[in-house]
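Enquirer: Supplied in structure tokens, the structure appears directly below.
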Amino acid sequence: MNTLELVAPTTQELIAAGLQLPIMEAFYTIQGEGRFTGHPAYFIRLGGCDVGCVWCDVKDSWEAAKWPVLSIEKIVEDALAFPGRLAVITGGEPLMYNLGPLTKLLKEKGFTTNIETSGAHPFSGDFDWVCFSPKKFKKPHPSIYVEADELKVVIYNKSDFDFAEDHAKLVNSDCELRLQPEWSKAAKFTPEIIEYVKNHPTWKISLQTHKFMDIP
């Protein structure tokens, strides 16, 4: 046997293959946003993000090296400890990683797989629902538009309405369109979003209901 064949893959090689992933946190809760609001869900928050949203509420997730690297088998084993079978992969920016192996294993174990992503990296993984939330800070990769089941645009200032419409032109015609007020600007922009949706009925409103319920 060639000596090289005995060398075990490095952690970085396993991460690149999607067999191990940096996990900031994982928890069972109620989905608070978007299409699956109100559903029990197991969240898998991957560490690492290069988008850099100024209003991000999980900035601790940005640096991947801060977080433990787990095998996908361990990730799924932890998820199986809870009764719900909706898994939401989020971040950070989850598409920084190859999500094919993790989603394959989740689905083999009976999970419905959702993702919340800015779409800033090439699409990977087998997902039942793709929530695409583009950000001005990093341009989405073109592969996201055909995959998106839901376009969720966070409204932080007035120009975000035009930003939302620009992306709505690029997704599939059956993609659900949602506007969501950024939490710190909700008092200002929720009334504007209400009027906008009333006048542009292809859009719906998403609220961060988990924050009202004071749950993760």
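By order of appearance in the structure tokens: chains A, B, ..., then residues from 1 within every chain, and ligands from 1 in the order shown.
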What's the 12 Å shell around Pro216 in chain A, counting only C-alpha atoms, without same-chain residues fewer than 5 positions away, as a PyMOL selection string?

Expert: chain A and resi 25-33+40-43+45+57-58+208-211

Enquirer: Report as a PyMOL selection string all protein, DNA and RNA residues lying within 12 Å of Val153 in chain A, evaluated on only C-alpha atoms, omitting residues in the same chain fewer than 5 positions from it.

Expert: chain A and resi 33-34+116-118+131-136+159-168+176-182+193+203-207

Enquirer: Write out the residues from the selection above, keeping C-alpha atoms, as a short mmCIF file (atom, residue, chain, number, x, y, z; two decimals), in the first residue's frame.

Expert:
```
data_model
loop_
_atom_site.label_atom_id
_atom_site.label_comp_id
_atom_site.auth_asym_id
_atom_site.auth_seq_id
_atom_site.Cartn_x
_atom_site.Cartn_y
_atom_site.Cartn_z
CA GLU A 33 -39.78 33.85 10.34
CA GLY A 34 -41.00 33.28 6.81
CA GLU A 116 -31.76 30.33 5.24
CA THR A 117 -29.06 31.94 3.08
CA SER A 118 -27.92 35.18 1.51
CA CYS A 131 -35.27 30.87 1.91
CA PHE A 132 -33.12 33.37 0.00
CA SER A 133 -32.43 36.61 1.85
CA PRO A 134 -30.08 38.70 -0.31
CA LYS A 135 -27.86 41.35 1.25
CA LYS A 136 -26.41 44.51 -0.24
CA SER A 159 -33.91 51.88 -0.69
CA ASP A 160 -34.47 48.27 0.35
CA PHE A 161 -37.89 48.28 -1.31
CA ASP A 162 -36.25 48.83 -4.70
CA PHE A 163 -33.58 46.30 -3.78
CA ALA A 164 -36.36 43.77 -3.09
CA GLU A 165 -38.03 44.40 -6.42
CA ASP A 166 -34.72 44.03 -8.27
CA HIS A 167 -34.28 40.53 -6.85
CA ALA A 168 -37.93 39.63 -7.31
CA GLU A 176 -42.92 33.48 -2.43
CA LEU A 177 -42.03 37.14 -1.82
CA ARG A 178 -41.70 38.53 1.71
CA LEU A 179 -40.64 41.81 3.28
CA GLN A 180 -39.40 41.81 6.86
CA PRO A 181 -38.61 44.86 8.99
CA GLU A 182 -35.15 44.84 10.56
CA ILE A 193 -44.20 47.71 4.77
CA TRP A 203 -45.58 40.53 -1.51
CA LYS A 204 -46.30 39.22 2.00
CA ILE A 205 -45.04 40.35 5.40
CA SER A 206 -42.62 38.37 7.54
CA LEU A 207 -42.11 39.26 11.19
#
```

Enquirer: For Phe212 in chain A, which residue out of A:Lys107, A:Trp183, A:Asn172, A:Ile75 is the nearest one, using only C-alpha atoms?

Expert: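 Under the stated criterion, the closest residue is A:Trp183.
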
Enquirer: A:Gly48, A:Pro9, A:Pro201, A:Gly119: which is nearest Phe137 in chain A, counting only C-alpha atoms?

Expert: A:Gly119

Enquirer: Check range 2-168 of chain A with DSSP on the backbone and list each residue it calls alpha helix (DSSP H), as a CSV table (one decimal) with N, CA and C atoms, in the first residue's frame.

Expert:
```csv
chain,number,residue,atom,x,y,z
A,11,THR,N,-8.6,18.1,8.9
A,11,THR,CA,-9.9,18.7,9.2
A,11,THR,C,-10.4,19.6,8.1
A,12,GLN,N,-9.5,20.4,7.6
A,12,GLN,CA,-9.8,21.3,6.5
A,12,GLN,C,-10.3,20.5,5.2
A,13,GLU,N,-9.7,19.4,5.0
A,13,GLU,CA,-10.2,18.5,3.8
A,13,GLU,C,-11.5,18.0,4.1
A,14,LEU,N,-11.8,17.6,5.3
A,14,LEU,CA,-13.1,17.0,5.7
A,14,LEU,C,-14.2,18.1,5.6
A,15,ILE,N,-13.8,19.4,6.1
A,15,ILE,CA,-14.8,20.5,5.9
A,15,ILE,C,-15.0,20.8,4.5
A,16,ALA,N,-14.0,20.8,3.7
A,16,ALA,CA,-14.2,21.1,2.2
A,16,ALA,C,-15.1,20.0,1.6
A,72,ILE,N,-20.8,15.3,10.4
A,72,ILE,CA,-22.2,15.3,10.1
A,72,ILE,C,-23.0,14.3,10.8
A,73,GLU,N,-22.3,13.1,11.1
A,73,GLU,CA,-23.0,12.1,11.9
A,73,GLU,C,-23.4,12.6,13.3
A,74,LYS,N,-22.5,13.3,13.9
A,74,LYS,CA,-22.8,13.9,15.2
A,74,LYS,C,-23.8,15.0,15.2
A,75,ILE,N,-23.8,15.8,14.1
A,75,ILE,CA,-24.8,16.8,14.0
A,75,ILE,C,-26.2,16.2,13.9
A,76,VAL,N,-26.3,15.2,13.0
A,76,VAL,CA,-27.6,14.6,12.8
A,76,VAL,C,-28.0,13.8,14.1
A,77,GLU,N,-27.1,13.1,14.7
A,77,GLU,CA,-27.4,12.4,16.0
A,77,GLU,C,-28.0,13.4,17.0
A,78,ASP,N,-27.4,14.6,17.1
A,78,ASP,CA,-28.0,15.6,18.1
A,78,ASP,C,-29.4,16.0,17.7
A,79,ALA,N,-29.6,16.2,16.4
A,79,ALA,CA,-30.9,16.6,15.9
A,79,ALA,C,-32.0,15.5,16.2
A,100,GLY,N,-24.1,19.1,0.7
A,100,GLY,CA,-24.7,17.9,0.1
A,100,GLY,C,-24.7,16.7,1.1
A,101,PRO,N,-23.5,16.4,1.7
A,101,PRO,CA,-23.5,15.3,2.6
A,101,PRO,C,-24.4,15.4,3.8
A,102,LEU,N,-24.4,16.6,4.4
A,102,LEU,CA,-25.3,16.8,5.6
A,102,LEU,C,-26.8,16.7,5.3
A,103,THR,N,-27.2,17.3,4.2
A,103,THR,CA,-28.6,17.2,3.8
A,103,THR,C,-29.0,15.8,3.4
A,104,LYS,N,-28.1,15.1,2.8
A,104,LYS,CA,-28.4,13.7,2.4
A,104,LYS,C,-28.6,12.9,3.6
A,105,LEU,N,-27.8,13.1,4.6
A,105,LEU,CA,-27.9,12.3,5.9
A,105,LEU,C,-29.2,12.7,6.6
A,106,LEU,N,-29.5,14.0,6.7
A,106,LEU,CA,-30.7,14.4,7.4
A,106,LEU,C,-31.9,13.8,6.7
A,107,LYS,N,-31.9,13.8,5.4
A,107,LYS,CA,-33.1,13.3,4.7
A,107,LYS,C,-33.2,11.8,4.9
A,108,GLU,N,-32.1,11.1,4.9
A,108,GLU,CA,-32.1,9.6,5.2
A,108,GLU,C,-32.7,9.3,6.5
A,144,ILE,N,-28.4,30.8,-7.0
A,144,ILE,CA,-29.4,30.9,-6.0
A,144,ILE,C,-30.8,31.1,-6.6
A,145,TYR,N,-30.9,31.9,-7.7
A,145,TYR,CA,-32.2,32.4,-8.1
A,145,TYR,C,-33.1,31.3,-8.6
A,146,VAL,N,-32.6,30.3,-9.2
A,146,VAL,CA,-33.5,29.2,-9.7
A,146,VAL,C,-33.9,28.2,-8.5
A,147,GLU,N,-33.1,28.3,-7.4
A,147,GLU,CA,-33.4,27.4,-6.3
A,147,GLU,C,-34.3,28.0,-5.3
A,159,SER,N,-34.4,52.4,0.6
A,159,SER,CA,-33.9,51.9,-0.7
A,159,SER,C,-34.0,50.4,-0.8
A,160,ASP,N,-34.3,49.7,0.4
A,160,ASP,CA,-34.5,48.3,0.4
A,160,ASP,C,-35.7,47.8,-0.4
A,161,PHE,N,-36.7,48.7,-0.5
A,161,PHE,CA,-37.9,48.3,-1.3
A,161,PHE,C,-37.5,48.1,-2.8
A,162,ASP,N,-36.7,49.0,-3.3
A,162,ASP,CA,-36.2,48.8,-4.7
A,162,ASP,C,-35.3,47.6,-4.8
A,163,PHE,N,-34.5,47.5,-3.8
A,163,PHE,CA,-33.6,46.3,-3.8
A,163,PHE,C,-34.4,45.0,-3.8
A,164,ALA,N,-35.5,45.0,-3.1
A,164,ALA,CA,-36.4,43.8,-3.1
A,164,ALA,C,-37.0,43.5,-4.5
A,165,GLU,N,-37.4,44.6,-5.1
A,165,GLU,CA,-38.0,44.4,-6.4
A,165,GLU,C,-37.0,43.9,-7.5
A,166,ASP,N,-35.8,44.4,-7.3
A,166,ASP,CA,-34.7,44.0,-8.3
A,166,ASP,C,-34.5,42.5,-8.2
A,167,HIS,N,-34.5,42.0,-7.0
A,167,HIS,CA,-34.3,40.5,-6.8
A,167,HIS,C,-35.5,39.7,-7.2
A,168,ALA,N,-36.7,40.3,-7.0
A,168,ALA,CA,-37.9,39.6,-7.3
A,168,ALA,C,-38.0,39.4,-8.8
```

Enquirer: Using only C-alpha atoms, which of the listed residues (A:Val54, A:Ile155, A:Leu70, A:Ala81) sits closest to Ala187 in chain A?

Expert: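 Distance minimum relative to Ala187 in chain A lands on A:Ile155.
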
Enquirer: Let's see if you can do this: from backbone DSSP, list all strand (DSSP E or B) residues in range 5-57 of chain A, as a VMD selection string.

Expert: chain A and resid 20 to 30 40 to 46

Enquirer: Could you check the closest approach to Gly52 in chain A for each of A:Trp67, A:Glu93, A:Pro83, A:Pro191 and tell me which residue wins, using only C-alpha atoms?

Expert: A:Glu93

Enquirer: Looking at A:Gly84, A:Gly91, A:Thr37, A:Met96, which one is nearest to Lys59 in chain A, with distances taken over only C-alpha atoms?

Expert: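 The closest residue to Lys59 in chain A is A:Gly91.
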
Enquirer: May I ask for the distance between CA of Leu21 in chain A and CA of Asp128 in chain A, given in Å to one decimal place?

Expert: 20.6 Å

Enquirer: Go through A:Lys109, A:Lys185, A:His141, A:His200 and flag the residue nearest Leu170 in chain A, using only C-alpha atoms for the distances.

Expert: A:His141

Enquirer: Please list as an MDAnalysis selection string every residue within 7 Å of Leu46 in chain A, counting only C-alpha atoms and excluding residues in the same chain fewer than 2 positions away.

Expert: chainID A and resid 22:24 44 48 90:92 94

Enquirer: May I have the selected residues written with C-alpha atoms, as a short mmCIF file (atom, residue, chain, number, x, y, z; two decimals), in the first residue's frame?

Expert:
```
data_model
loop_
_atom_site.label_atom_id
_atom_site.label_comp_id
_atom_site.auth_asym_id
_atom_site.auth_seq_id
_atom_site.Cartn_x
_atom_site.Cartn_y
_atom_site.Cartn_z
CA PRO A 22 -18.09 24.27 12.20
CA ILE A 23 -21.13 24.55 14.45
CA MET A 24 -21.79 27.79 16.31
CA ILE A 44 -28.19 24.11 12.81
CA GLY A 48 -18.43 31.46 9.26
CA THR A 90 -28.53 28.70 8.80
CA GLY A 91 -25.51 30.75 9.78
CA GLY A 92 -23.38 32.69 9.40
CA PRO A 94 -24.21 28.22 5.30
#
```

Enquirer: What is the CA of His121 in chain A-CA of Ala148 in chain A distance in Å, reported with one decimal?

Expert: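 According to the coordinates, CA of His121 in chain A and CA of Ala148 in chain A are separated by 13.5 Å.
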